[in-house]
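Each remark here refers to the structure printed beneath this line.
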Amino acid sequence: MTVLEIGCGLGTAAAWLAQRGLPVVAIDVSHHVIEQARKTYPNQPSLEFQCADACAPTNISTIFDVIIDTGCLQHIPTSLRDCYCQNLMVWSRTGSRFVVTMHKKDRSAGERLSEVQTLFSANFDLVYTEEEPPAIAQVNYLNSVFHFVRR
(Lines give C-alpha, C1' and ligand atoms only; values in the text may rest on other atoms or scores of the structure.)
Protein backbone atom coordinates (compact mmCIF):
# COMPACT_ATOMS: atom_id res chain seq x y z
CA MET A 1 0.00 0.00 0.00
CA THR A 2 1.51 3.33 -1.06
CA VAL A 3 0.90 6.47 0.98
CA LEU A 4 1.16 10.18 0.21
CA GLU A 5 1.18 12.61 3.11
CA ILE A 6 0.27 16.16 2.13
CA GLY A 7 1.72 18.85 4.40
CA CYS A 8 4.05 16.47 6.24
CA GLY A 9 5.81 19.11 8.30
CA LEU A 10 8.76 17.56 10.13
CA GLY A 11 7.80 14.08 8.93
CA THR A 12 6.80 12.37 12.16
CA ALA A 13 3.67 10.67 10.81
CA ALA A 14 5.34 9.76 7.52
CA ALA A 15 8.28 8.16 9.35
CA TRP A 16 5.91 6.25 11.63
CA LEU A 17 4.11 4.80 8.60
CA ALA A 18 7.37 3.95 6.81
CA GLN A 19 8.73 2.24 9.92
CA ARG A 20 5.73 -0.08 9.66
CA GLY A 21 6.66 -1.09 6.12
CA LEU A 22 4.52 1.27 4.05
CA PRO A 23 6.14 3.11 1.14
CA VAL A 24 5.54 6.81 1.88
CA VAL A 25 6.06 9.99 -0.11
CA ALA A 26 5.76 12.99 2.22
CA ILE A 27 5.40 16.48 0.78
CA ASP A 28 5.44 19.96 2.19
CA VAL A 29 5.67 23.38 0.57
CA SER A 30 8.41 24.47 2.99
CA HIS A 31 11.98 23.72 1.91
CA HIS A 32 13.10 24.28 5.49
CA VAL A 33 10.86 21.61 7.04
CA ILE A 34 11.62 19.11 4.28
CA GLU A 35 15.35 19.53 4.90
CA GLN A 36 14.78 19.12 8.65
CA ALA A 37 12.69 15.99 8.05
CA ARG A 38 15.43 14.53 5.87
CA LYS A 39 17.98 15.20 8.62
CA THR A 40 15.73 13.72 11.29
CA TYR A 41 14.93 10.55 9.33
CA PRO A 42 18.01 9.88 7.16
CA ASN A 43 18.21 6.62 5.23
CA GLN A 44 14.72 5.56 6.31
CA PRO A 45 13.66 2.76 3.96
CA SER A 46 10.49 3.39 1.99
CA LEU A 47 10.35 7.08 2.93
CA GLU A 48 10.84 9.95 0.52
CA PHE A 49 10.51 13.63 1.43
CA GLN A 50 9.78 16.09 -1.38
CA CYS A 51 9.32 19.81 -1.40
CA ALA A 52 6.09 20.24 -3.35
CA ASP A 53 3.09 22.54 -3.36
CA ALA A 54 -0.17 20.58 -3.24
CA CYS A 55 -1.84 23.58 -4.90
CA ALA A 56 0.35 23.72 -7.98
CA PRO A 57 1.33 21.29 -10.71
CA THR A 58 4.02 18.91 -9.43
CA ASN A 59 6.32 16.28 -10.90
CA ILE A 60 4.73 13.62 -8.67
CA SER A 61 3.24 11.07 -11.04
CA THR A 62 2.80 8.17 -8.61
CA ILE A 63 -0.71 6.85 -8.01
CA PHE A 64 -1.23 6.29 -4.29
CA ASP A 65 -3.48 3.86 -2.44
CA VAL A 66 -3.87 6.27 0.49
CA ILE A 67 -3.54 10.05 0.65
CA ILE A 68 -3.57 11.78 4.03
CA ASP A 69 -3.81 15.43 4.93
CA THR A 70 -3.72 16.14 8.64
CA GLY A 71 -4.07 19.89 8.62
CA CYS A 72 -2.86 21.32 5.32
CA LEU A 73 -6.20 21.82 3.52
CA GLN A 74 -7.68 24.07 6.17
CA HIS A 75 -4.91 26.63 5.54
CA ILE A 76 -5.32 26.67 1.76
CA PRO A 77 -7.18 29.71 0.43
CA THR A 78 -10.34 29.01 -1.54
CA SER A 79 -8.70 30.37 -4.70
CA LEU A 80 -6.08 27.58 -4.65
CA ARG A 81 -8.28 24.62 -3.79
CA ASP A 82 -9.18 23.69 -7.37
CA CYS A 83 -5.55 22.83 -8.11
CA TYR A 84 -5.37 20.86 -4.85
CA CYS A 85 -8.38 18.83 -6.05
CA GLN A 86 -6.81 18.37 -9.49
CA ASN A 87 -3.66 17.00 -7.85
CA LEU A 88 -5.76 14.58 -5.81
CA MET A 89 -7.12 13.21 -9.06
CA VAL A 90 -3.59 12.81 -10.50
CA TRP A 91 -2.34 11.10 -7.35
CA SER A 92 -5.29 8.72 -6.87
CA ARG A 93 -7.27 6.06 -8.71
CA THR A 94 -10.63 4.40 -8.23
CA GLY A 95 -10.53 2.87 -4.75
CA SER A 96 -7.82 5.15 -3.38
CA ARG A 97 -8.54 6.35 0.13
CA PHE A 98 -8.25 10.00 1.12
CA VAL A 99 -8.27 11.00 4.79
CA VAL A 100 -8.38 14.68 5.64
CA THR A 101 -8.37 16.26 9.08
CA MET A 102 -9.77 19.73 9.67
CA HIS A 103 -9.26 21.44 13.01
CA LYS A 104 -10.34 25.00 12.50
CA LYS A 105 -11.82 26.03 15.79
CA ASP A 106 -13.81 28.85 14.17
CA ARG A 107 -16.08 26.38 12.33
CA SER A 108 -18.48 23.78 13.59
CA ALA A 109 -18.20 20.12 12.67
CA GLY A 110 -21.19 20.58 10.36
CA GLU A 111 -19.56 23.51 8.59
CA ARG A 112 -16.34 21.52 8.11
CA LEU A 113 -18.38 18.59 6.74
CA SER A 114 -20.14 20.87 4.27
CA GLU A 115 -16.81 22.35 3.21
CA VAL A 116 -15.17 19.00 2.39
CA GLN A 117 -18.30 17.61 0.73
CA THR A 118 -18.40 20.63 -1.56
CA LEU A 119 -14.76 20.11 -2.49
CA PHE A 120 -14.65 16.36 -2.95
CA SER A 121 -18.13 14.93 -3.56
CA ALA A 122 -17.77 15.03 -7.36
CA ASN A 123 -15.03 12.38 -7.28
CA PHE A 124 -14.91 10.90 -3.79
CA ASP A 125 -17.50 9.13 -1.65
CA LEU A 126 -17.53 10.07 2.02
CA VAL A 127 -17.30 6.78 3.89
CA TYR A 128 -17.42 8.12 7.44
CA THR A 129 -16.46 11.01 9.66
CA GLU A 130 -15.27 11.17 13.22
CA GLU A 131 -14.55 13.84 15.77
CA GLU A 132 -11.24 13.29 17.57
CA PRO A 133 -9.55 15.23 20.34
CA PRO A 134 -6.35 16.98 19.26
CA ALA A 135 -2.94 15.65 20.28
CA ILE A 136 -2.46 18.67 22.54
CA ALA A 137 -4.68 18.20 25.60
CA GLN A 138 -4.97 21.93 26.36
CA VAL A 139 -6.82 22.63 23.10
CA ASN A 140 -10.58 23.09 23.49
CA TYR A 141 -11.90 21.79 20.17
CA LEU A 142 -12.23 18.54 18.27
CA ASN A 143 -10.63 17.56 14.97
CA SER A 144 -13.01 16.51 12.22
CA VAL A 145 -11.57 13.53 10.34
CA PHE A 146 -13.16 12.70 6.98
CA HIS A 147 -12.59 9.35 5.26
CA PHE A 148 -13.20 9.30 1.51
CA VAL A 149 -12.83 6.70 -1.24
CA ARG A 150 -12.34 7.74 -4.84
CA ARG A 151 -15.03 6.65 -7.26
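Ligands are numbered from 1 in the order shown, residues from 1 within each chain, and chains are lettered A, B, ... in the order they appear in the C-alpha coordinates.
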Surrounding residues of Leu113 (chain A) excluding itself and chain neighbours under 4 positions, 12 Å, only C-alpha atoms, as number ranges by chain:
A: 100-104, 107-109, 117-121, 126, 128-131, 143-148
Selection near Trp91 (chain A), 8 Å with only C-alpha atoms, sequence-local residues under 6 positions removed, as an MDAnalysis selection string:
chainID A and resid 60:64
Nearest-residue call for Ser30 (chain A), choices A:Asn59, A:Thr94, A:Gln50, A:Asn87, using only C-alpha atoms
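Of A:Asn59, A:Thr94, A:Gln50, A:Asn87, the one nearest Ser30 (chain A) is A:Gln50, counting only C-alpha atoms.
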Close residues, Cys51 (chain A) itself excluded, 6 Å, only C-alpha atoms, min 2 positions apart in chain, as a PyMOL selection string
chain A and resi 27-29+31
When you count only C-alpha atoms, which of these residues is closest to Cys72 (chain A): A:Val24, A:Ala15, A:Cys55, A:Val90?
A:Cys55
What parts of region 17-149 of chain A does DSSP call alpha helix (DSSP H)? I'd like the answer as number ranges by chain.
A: 17-19, 31-40, 81-91, 109-120
Which one of A:Lys39, A:Arg93, A:Arg20, A:Glu115 sits closest to Arg81 (chain A) if you count only C-alpha atoms?
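For Arg81 (chain A), the nearest of the candidates is A:Glu115.
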Top pick for closest residue to Leu47 (chain A), considering A:Thr2, A:Gln86, A:Ser79, A:Ser96 and counting only C-alpha atoms:
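Among the listed residues, the smallest separation from Leu47 (chain A) belongs to A:Thr2.
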Run DSSP on the backbone of this structure and report the residues of chain A it assigns to strand (DSSP E or B), as an MDAnalysis selection string.
chainID A and resid 3:6 24:28 47:51 66:69 97:102 124:132 143:150
With only C-alpha atoms as the counted atoms, please give the residues lying no more than 12 Å from Ala18 (chain A), apart from itself and same-chain residues fewer than 2 positions off, as a list in words.
Met1, Thr2, Val3, Leu4, Glu5, Gly11, Thr12, Ala13, Ala14, Ala15, Trp16, Arg20, Gly21, Leu22, Pro23, Val24, Val25, Ala26, Tyr41, Asn43, Gln44, Pro45, Ser46, Leu47, Glu48 and Phe49 of chain A
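Proximity of A:Pro42, A:Gly110, A:Pro57, A:Gly71 to Leu88 (chain A), computed with only C-alpha atoms, is greatest for A:Pro57.
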So which one's closest to Cys8 (chain A), A:Asn123, A:Ser114, A:Gln36, A:Ser92? Using only C-alpha atoms, please.
A:Gln36
To one decimal place, how far is CA of Lys105 (chain A) from CA of His32 (chain A) in Å?
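Separating CA of Lys105 (chain A) from CA of His32 (chain A) is a distance of 27.0 Å.
Atom pair CA of Val127 (chain A) / CA of Val149 (chain A) has a distance of 6.8 Å (rounded to one decimal).
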